[in-house]
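Asks: Got a structure for you, run.cif, holding mmCIF, C-alpha atoms.
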data_model
loop_
_atom_site.label_atom_id
_atom_site.label_comp_id
_atom_site.auth_asym_id
_atom_site.auth_seq_id
_atom_site.Cartn_x
_atom_site.Cartn_y
_atom_site.Cartn_z
CA MET A 1350 12.00 -6.81 -9.87
CA THR A 1351 13.07 -9.11 -7.12
CA ALA A 1352 11.72 -9.74 -3.66
CA SER A 1353 12.19 -12.09 -0.84
CA CYS A 1354 9.37 -14.46 -0.15
CA CYS A 1355 7.07 -13.60 1.39
CA ALA A 1356 7.11 -9.91 0.63
CA LYS A 1357 6.40 -8.46 4.03
CA SER A 1358 4.00 -5.59 4.21
CA ALA A 1359 5.57 -2.18 4.56
CA GLU A 1360 4.84 -1.09 8.09
CA VAL A 1361 4.56 2.54 7.09
CA MET A 1362 2.44 3.57 4.12
CA LEU A 1363 2.90 7.04 2.69
CA PRO A 1364 -0.13 8.33 0.76
CA ALA A 1365 0.33 11.90 -0.49
CA CYS A 1366 -2.19 14.29 -2.00
CA SER A 1367 0.25 15.19 -4.81
CA GLY A 1368 -1.96 18.17 -5.54
CA GLY A 1369 -1.67 20.95 -8.08
CA SER A 1370 0.42 23.43 -6.15
CA ASN A 1371 3.90 23.74 -4.73
CA ALA A 1372 2.61 22.25 -1.48
CA GLY A 1373 1.00 19.32 -3.25
CA ARG A 1374 4.15 18.57 -5.21
CA LEU A 1375 6.12 18.76 -1.98
CA THR A 1376 3.96 16.03 -0.44
CA ASN A 1377 4.71 13.72 -3.35
CA GLN A 1378 8.43 14.40 -3.29
CA ALA A 1379 8.59 13.88 0.47
CA ALA A 1380 6.83 10.52 0.15
CA VAL A 1381 9.16 9.49 -2.69
CA GLU A 1382 12.27 10.45 -0.77
CA LEU A 1383 11.13 8.75 2.44
CA THR A 1384 10.47 5.59 0.41
CA ARG A 1385 13.97 5.71 -1.06
CA GLU A 1386 15.41 6.17 2.40
CA GLY A 1387 13.59 3.06 3.63
CA PHE A 1388 11.30 4.89 6.01
CA GLY A 1389 8.12 3.57 4.44
CA ALA A 1390 6.35 2.90 1.19
CA LEU A 1391 4.91 5.40 -1.27
CA PHE A 1392 1.28 4.44 -1.56
CA CYS A 1393 -1.09 4.85 -4.47
CA LEU A 1394 -3.85 7.09 -3.24
CA ALA A 1395 -5.61 6.95 -6.60
CA GLY A 1396 -5.95 3.19 -6.32
CA ASN A 1397 -7.49 3.61 -2.92
CA GLU A 1398 -9.91 6.27 -4.14
CA GLY A 1399 -10.83 4.08 -7.07
CA GLY A 1400 -11.82 1.37 -4.63
CA LEU A 1401 -9.41 -1.11 -6.20
CA SER A 1402 -9.38 -3.98 -3.80
CA GLY A 1403 -5.65 -4.66 -3.86
CA PHE A 1404 -4.85 -1.14 -2.72
CA VAL A 1405 -7.66 -1.00 -0.20
CA GLU A 1406 -6.69 -4.29 1.42
CA SER A 1407 -3.00 -3.37 1.39
CA ALA A 1408 -3.75 -0.23 3.37
CA GLN A 1409 -5.18 -2.18 6.29
CA ASP A 1410 -3.20 -2.97 9.45
CA VAL A 1411 -0.25 -0.72 8.69
CA HIS A 1412 1.02 2.56 10.08
CA ARG A 1413 -0.02 5.43 7.82
CA VAL A 1414 1.51 8.85 7.39
CA VAL A 1415 -0.86 10.89 5.25
CA PHE A 1416 0.56 13.95 3.50
CA ASP A 1417 -1.65 16.88 2.55
CA GLY A 1418 -0.50 20.11 0.98
CA CYS A 1419 -3.10 22.24 2.74
CA PRO A 1420 -5.86 22.04 5.35
CA VAL A 1421 -8.44 21.03 2.73
CA GLY A 1422 -7.09 17.56 3.49
CA CYS A 1423 -7.90 15.66 0.27
CA ALA A 1424 -5.56 12.76 1.06
CA LYS A 1425 -6.89 12.45 4.59
CA ALA A 1426 -10.45 12.43 3.24
CA ILE A 1427 -9.68 9.71 0.71
CA VAL A 1428 -8.11 7.54 3.36
CA ALA A 1429 -11.05 8.17 5.68
CA ARG A 1430 -13.51 7.03 2.99
CA ALA A 1431 -11.84 3.65 3.14
CA ALA A 1432 -12.57 3.66 6.89
CA ILE A 1433 -8.88 4.04 7.62
CA THR A 1434 -7.64 6.47 10.22
CA PRO A 1435 -4.27 8.03 9.48
CA ALA A 1436 -1.74 7.41 12.21
CA ILE A 1437 -0.17 10.73 11.40
CA SER A 1438 -1.48 13.57 9.30
CA VAL A 1439 1.16 15.90 7.92
CA VAL A 1440 -0.11 19.18 6.44
CA VAL A 1441 2.51 21.16 4.55
CA THR A 1442 1.05 24.58 5.41
CA ASP A 1443 0.83 23.88 9.15
CA PRO A 1444 4.42 24.93 9.92
CA GLY A 1445 3.96 28.15 7.92
CA ILE A 1446 4.94 27.00 4.44
CA ASP A 1447 2.95 28.96 1.86
CA LYS A 1448 0.75 27.19 -0.66
CA ILE A 1449 1.31 28.83 -4.03
CA LYS A 1450 -0.68 27.93 -7.10
CA ASP A 1451 1.58 29.08 -9.90
CA SER A 1452 3.29 27.39 -12.80
CA CYS A 1453 6.61 27.04 -10.97
CA LEU A 1454 5.38 24.38 -8.51
CA SER A 1455 8.62 24.85 -6.65
CA PHE A 1456 9.56 24.54 -2.99
CA ASP A 1457 12.78 25.12 -1.14
CA ALA A 1458 14.99 22.66 0.69
CA ASP A 1459 14.04 23.96 4.13
CA ALA A 1460 10.36 23.34 3.47
CA PHE A 1461 11.15 19.88 2.17
CA ASP A 1462 13.17 19.00 5.28
CA THR A 1463 10.46 20.37 7.56
CA VAL A 1464 7.80 18.17 6.03
CA LYS A 1465 10.00 15.08 6.07
CA ARG A 1466 10.85 15.67 9.70
CA ALA A 1467 7.18 16.06 10.61
CA ALA A 1468 6.51 12.63 9.13
CA CYS A 1469 9.43 10.94 10.85
CA ASP A 1470 8.84 12.47 14.25
CA GLY A 1471 5.55 10.71 14.77
CA VAL A 1472 6.55 7.21 13.76
CA PRO A 1473 8.07 4.79 16.25
CA SER A 1474 11.60 3.75 15.36
CA GLY A 1475 12.06 0.40 13.71
CA ARG A 1476 9.01 0.77 11.49
CA ALA A 1477 10.24 0.91 7.94
CA GLY A 1478 10.64 -0.72 4.61
CA PHE A 1479 9.23 -0.99 1.14
CA PRO A 1480 7.78 -4.42 0.40
CA PHE A 1481 9.65 -4.86 -2.85
CA PRO A 1482 13.26 -3.69 -3.09
CA CYS A 1483 14.61 -1.33 -5.72
CA SER A 1484 14.92 -3.03 -9.09
CA GLY A 1485 17.96 -0.94 -9.92
CA GLU A 1486 16.20 1.11 -12.54
CA SER A 1487 17.18 4.74 -12.88
CA ARG A 1488 15.52 7.28 -10.67
CA ALA A 1489 13.46 10.12 -12.03
CA MET B 1306 -15.28 -18.63 -9.95
CA GLU B 1307 -11.60 -17.87 -10.32
CA ILE B 1308 -9.38 -17.80 -7.25
CA LEU B 1309 -5.84 -16.49 -7.39
CA VAL B 1310 -3.32 -17.09 -4.64
CA LEU B 1311 -0.65 -14.42 -4.94
CA GLY B 1312 2.83 -15.03 -3.62
CA PRO B 1313 6.33 -15.96 -4.69
CA GLY B 1314 6.25 -19.34 -2.96
CA CYS B 1315 7.35 -19.43 0.65
CA LYS B 1316 5.69 -21.50 3.36
CA LYS B 1317 2.94 -18.96 4.00
CA CYS B 1318 2.10 -18.78 0.30
CA CYS B 1319 2.02 -22.57 0.07
CA ASP B 1320 -0.10 -22.81 3.21
CA THR B 1321 -2.54 -20.32 1.73
CA GLU B 1322 -2.81 -22.19 -1.55
CA ARG B 1323 -3.34 -25.49 0.26
CA LEU B 1324 -5.99 -23.93 2.50
CA VAL B 1325 -7.87 -22.44 -0.43
CA ARG B 1326 -7.85 -25.74 -2.32
CA GLU B 1327 -9.11 -27.53 0.80
CA VAL B 1328 -12.01 -25.13 1.21
CA VAL B 1329 -12.93 -25.37 -2.46
CA GLU B 1330 -13.03 -29.13 -2.17
CA GLU B 1331 -14.98 -29.13 1.09
CA THR B 1332 -17.58 -26.62 -0.07
CA GLY B 1333 -17.92 -28.10 -3.55
CA VAL B 1334 -17.83 -24.66 -5.10
CA ASP B 1335 -17.21 -24.61 -8.83
CA ALA B 1336 -13.90 -22.75 -8.82
CA THR B 1337 -10.47 -22.80 -10.36
CA VAL B 1338 -7.47 -22.07 -8.16
CA ALA B 1339 -4.28 -20.65 -9.64
CA LYS B 1340 -1.04 -19.66 -7.95
CA ILE B 1341 0.53 -16.42 -9.18
CA ALA B 1342 4.22 -16.10 -8.34
CA ASP B 1343 5.14 -13.37 -10.81
CA LEU B 1344 5.76 -10.16 -8.89
CA GLN B 1345 4.85 -7.93 -11.82
CA GLN B 1346 1.44 -9.53 -11.93
CA ILE B 1347 1.08 -9.23 -8.17
CA VAL B 1348 2.03 -5.55 -8.18
CA ARG B 1349 -0.37 -4.84 -11.03
CA MET B 1350 -3.17 -5.93 -8.72
CA GLY B 1351 -2.14 -3.26 -6.21
CA VAL B 1352 -0.97 -5.83 -3.71
CA PHE B 1353 1.77 -4.60 -1.40
CA ALA B 1354 2.40 -7.80 0.55
CA THR B 1355 2.02 -11.53 0.14
CA PRO B 1356 0.44 -13.97 0.49
CA ALA B 1357 -2.74 -12.48 -0.90
CA VAL B 1358 -5.94 -13.99 -2.27
CA ALA B 1359 -8.19 -12.66 -5.00
CA VAL B 1360 -11.62 -14.02 -5.89
CA ASP B 1361 -13.00 -13.14 -9.31
CA GLY B 1362 -10.54 -10.25 -9.56
CA LYS B 1363 -11.25 -8.79 -6.16
CA VAL B 1364 -8.46 -8.92 -3.59
CA LYS B 1365 -9.80 -10.31 -0.32
CA CYS B 1366 -6.75 -10.34 1.93
CA VAL B 1367 -3.17 -9.16 1.86
CA GLY B 1368 -0.06 -10.08 3.82
CA LYS B 1369 -1.39 -12.98 5.84
CA VAL B 1370 -2.63 -16.54 5.70
CA PRO B 1371 -6.41 -16.25 5.86
CA SER B 1372 -8.50 -18.37 8.18
CA LYS B 1373 -10.51 -21.24 6.80
CA ALA B 1374 -13.70 -19.44 7.82
CA ASP B 1375 -12.66 -16.34 5.89
CA VAL B 1376 -11.98 -18.30 2.74
CA ALA B 1377 -15.28 -20.13 3.06
CA SER B 1378 -17.14 -16.84 3.42
CA TRP B 1379 -15.55 -15.52 0.22
CA LEU B 1380 -16.58 -18.61 -1.72
CA VAL B 1381 -20.09 -19.18 -0.50
CA GLY B 1382 -20.98 -15.77 0.96
#
What is this file in structure tokens?

Replies:
Amino acid sequence: MTASCCAKSAEVMLPACSGGSNAGRLTNQAAVELTREGFGALFCLAGNEGGLSGFVESAQDVHRVVFDGCPVGCAKAIVARAAITPAISVVVTDPGIDKIKDSCLSFDADAFDTVKRAACDGVPSGRAGFPFPCSGESRA
Amino acid sequence: MEILVLGPGCKKCCDTERLVREVVEETGVDATVAKIADLQQIVRMGVFATPAVAVDGKVKCVGKVPSKADVASWLVG
């Protein structure tokens, strides 16, 4: 891994609920793809929920786009527990995408694009970047 | 007390390390100060930006040079 010094904070953090449904998986994939595109940085919600200080401190003073699969809002609640208000809350089911709890965990390209667009629409241009660049390792 | 200054080594990182050492000396706190430049180690602590400072394993600030008052409060607070 390489990085310029100092590694500037990503201005957009992307915590996703990554829950156990098609909608939850969509949130994770949207955050991954937006990170790869340089829009922001995939953020470890588990670290935040665990109260691990590095994650909690890193989530301060940045723009946050919080992805939830459904209105239950688990990701939003976790972020709120750290006394952090999401700048934008994106809920997959809001635009009419169905949440389906089956073993397929699949979503279509239109749904994926809709969710990504919802995240991008609310963020001022020029805010972007992952703090540490891609190491060149293969993508999963 | 173990204090880690996390950062690859630019001016801000060096300023932070110098500041922390100054405060340790001025307060007389029994502490060791170490500079961590290895990014793998930094990332393992969940830190997304540098410089950062950790005291006894707890990250206190990320992505900025802390104030002298902040550092003092971490050491003696």

Asks: Could you tell me which residues the PyMOL selection byres ((chain A and resi 1407) around 7) returns for this structure, as a ChimeraX atom specification?

Replies: /A:1403-1406,1408-1409 /B:1352-1353,1367

Asks: Tell me as a PDB file with C-alpha atoms, in the frame of the given file which residues belonging to chain B come within 9 Å of chain A, counting all atoms listed in the file.

Replies:
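Once written, iface-v1.pdb looks like this:
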ATOM      1  CA  GLY B1312       2.830 -15.030  -3.620  1.00  0.00           C
ATOM      2  CA  PRO B1313       6.330 -15.960  -4.690  1.00  0.00           C
ATOM      3  CA  GLY B1314       6.250 -19.340  -2.960  1.00  0.00           C
ATOM      4  CA  CYS B1315       7.350 -19.430   0.650  1.00  0.00           C
ATOM      5  CA  LYS B1316       5.690 -21.500   3.360  1.00  0.00           C
ATOM      6  CA  LYS B1317       2.940 -18.960   4.000  1.00  0.00           C
ATOM      7  CA  CYS B1318       2.100 -18.780   0.300  1.00  0.00           C
ATOM      8  CA  LEU B1344       5.760 -10.160  -8.890  1.00  0.00           C
ATOM      9  CA  GLN B1345       4.850  -7.930 -11.820  1.00  0.00           C
ATOM     10  CA  VAL B1348       2.030  -5.550  -8.180  1.00  0.00           C
ATOM     11  CA  ARG B1349      -0.370  -4.840 -11.030  1.00  0.00           C
ATOM     12  CA  MET B1350      -3.170  -5.930  -8.720  1.00  0.00           C
ATOM     13  CA  GLY B1351      -2.140  -3.260  -6.210  1.00  0.00           C
ATOM     14  CA  VAL B1352      -0.970  -5.830  -3.710  1.00  0.00           C
ATOM     15  CA  PHE B1353       1.770  -4.600  -1.400  1.00  0.00           C
ATOM     16  CA  ALA B1354       2.400  -7.800   0.550  1.00  0.00           C
ATOM     17  CA  THR B1355       2.020 -11.530   0.140  1.00  0.00           C
ATOM     18  CA  PRO B1356       0.440 -13.970   0.490  1.00  0.00           C
ATOM     19  CA  ALA B1357      -2.740 -12.480  -0.900  1.00  0.00           C
ATOM     20  CA  ALA B1359      -8.190 -12.660  -5.000  1.00  0.00           C
ATOM     21  CA  GLY B1362     -10.540 -10.250  -9.560  1.00  0.00           C
ATOM     22  CA  LYS B1363     -11.250  -8.790  -6.160  1.00  0.00           C
ATOM     23  CA  VAL B1364      -8.460  -8.920  -3.590  1.00  0.00           C
ATOM     24  CA  LYS B1365      -9.800 -10.310  -0.320  1.00  0.00           C
ATOM     25  CA  CYS B1366      -6.750 -10.340   1.930  1.00  0.00           C
ATOM     26  CA  VAL B1367      -3.170  -9.160   1.860  1.00  0.00           C
ATOM     27  CA  GLY B1368      -0.060 -10.080   3.820  1.00  0.00           C
TER      28      GLY B1368
END

Asks: So, counting only C-alpha atoms, which residue among A:Leu1383, A:Cys1469, A:Val1414, A:Leu1394 is closest to Ala1431 of chain A?

Replies: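 Nearest candidate to Ala1431 of chain A out of A:Leu1383, A:Cys1469, A:Val1414, A:Leu1394: A:Leu1394.
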
Asks: Could you tell me, as JSON, numbers by chain, exactly which residues end up selected when the PyMOL selection byres ((chain B and resi 1320-1327) around 12) is applied to this structure?

Replies: {"A": [1355], "B": [1307, 1308, 1309, 1310, 1311, 1312, 1313, 1314, 1315, 1316, 1317, 1318, 1319, 1328, 1329, 1330, 1331, 1332, 1333, 1334, 1335, 1336, 1337, 1338, 1339, 1340, 1341, 1342, 1355, 1356, 1357, 1358, 1359, 1360, 1366, 1367, 1368, 1369, 1370, 1371, 1372, 1373, 1374, 1375, 1376, 1377, 1378, 1379, 1380]}

Asks: For the file shown, report as a VMD selection string the outcome of the PyMOL selection byres ((chain A and resi 1445-1449) around 6) at residue level.

Replies: chain A and resid 1370 to 1372 1442 to 1444 1450 to 1451

Asks: Restrict the selected residues to C-alpha atoms and save them as an mmCIF file, keeping the file's coordinate frame.

Replies:
data_model
loop_
_atom_site.group_PDB
_atom_site.id
_atom_site.type_symbol
_atom_site.label_atom_id
_atom_site.label_comp_id
_atom_site.auth_asym_id
_atom_site.auth_seq_id
_atom_site.Cartn_x
_atom_site.Cartn_y
_atom_site.Cartn_z
ATOM 1 C CA SER A 1370 0.420 23.430 -6.150
ATOM 2 C CA ASN A 1371 3.900 23.740 -4.730
ATOM 3 C CA ALA A 1372 2.610 22.250 -1.480
ATOM 4 C CA THR A 1442 1.050 24.580 5.410
ATOM 5 C CA ASP A 1443 0.830 23.880 9.150
ATOM 6 C CA PRO A 1444 4.420 24.930 9.920
ATOM 7 C CA LYS A 1450 -0.680 27.930 -7.100
ATOM 8 C CA ASP A 1451 1.580 29.080 -9.900
#

Asks: Can you tell me how far atom CA of Ala1458 of chain A sits from atom CA of Val1411 of chain A, in Å to one decimal?

Replies: 29.0 Å

Asks: Could you work out how far atom CA of Asp1417 of chain A lies from atom CA of Asp1457 of chain A, giving the answer in Å with one decimal?

Replies: 17.0 Å

Asks: Generate the coordinates of N, CA, C and O atoms for segment 1403-1415 of chain A; report them as a short mmCIF file (atom, residue, chain, number, x, y, z; two decimals), keeping the file's coordinate frame.

Replies:
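result_4.cif, written as the output of this step:
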data_model
loop_
_atom_site.label_atom_id
_atom_site.label_comp_id
_atom_site.auth_asym_id
_atom_site.auth_seq_id
_atom_site.Cartn_x
_atom_site.Cartn_y
_atom_site.Cartn_z
N GLY A 1403 -7.03 -4.40 -4.26
CA GLY A 1403 -5.65 -4.66 -3.86
C GLY A 1403 -5.07 -3.54 -3.03
O GLY A 1403 -4.41 -3.75 -2.01
N PHE A 1404 -5.35 -2.31 -3.45
CA PHE A 1404 -4.85 -1.14 -2.72
C PHE A 1404 -5.58 -0.98 -1.39
O PHE A 1404 -4.97 -0.67 -0.37
N VAL A 1405 -6.87 -1.17 -1.43
CA VAL A 1405 -7.66 -1.00 -0.20
C VAL A 1405 -7.23 -2.02 0.86
O VAL A 1405 -6.99 -1.66 2.02
N GLU A 1406 -7.09 -3.26 0.46
CA GLU A 1406 -6.69 -4.29 1.42
C GLU A 1406 -5.26 -4.07 1.90
O GLU A 1406 -4.94 -4.34 3.05
N SER A 1407 -4.40 -3.59 1.01
CA SER A 1407 -3.00 -3.37 1.39
C SER A 1407 -2.84 -2.24 2.40
O SER A 1407 -1.84 -2.16 3.10
N ALA A 1408 -3.84 -1.38 2.46
CA ALA A 1408 -3.75 -0.23 3.37
C ALA A 1408 -4.23 -0.57 4.78
O ALA A 1408 -4.16 0.27 5.68
N GLN A 1409 -4.70 -1.79 4.96
CA GLN A 1409 -5.18 -2.18 6.29
C GLN A 1409 -4.00 -2.60 7.17
O GLN A 1409 -3.00 -3.09 6.69
N ASP A 1410 -4.14 -2.43 8.46
CA ASP A 1410 -3.20 -2.97 9.45
C ASP A 1410 -1.77 -2.49 9.26
O ASP A 1410 -0.82 -3.23 9.49
N VAL A 1411 -1.59 -1.29 8.77
CA VAL A 1411 -0.25 -0.72 8.69
C VAL A 1411 -0.28 0.68 9.30
O VAL A 1411 -1.34 1.26 9.52
N HIS A 1412 0.90 1.21 9.56
CA HIS A 1412 1.02 2.56 10.08
C HIS A 1412 0.95 3.51 8.88
O HIS A 1412 1.60 3.27 7.87
N ARG A 1413 0.13 4.54 8.97
CA ARG A 1413 -0.02 5.43 7.82
C ARG A 1413 0.38 6.86 8.16
O ARG A 1413 -0.03 7.40 9.19
N VAL A 1414 1.19 7.42 7.29
CA VAL A 1414 1.51 8.85 7.39
C VAL A 1414 0.90 9.50 6.16
O VAL A 1414 1.32 9.24 5.04
N VAL A 1415 -0.13 10.30 6.37
CA VAL A 1415 -0.86 10.89 5.25
C VAL A 1415 -0.40 12.33 5.05
O VAL A 1415 -0.43 13.14 5.97
#
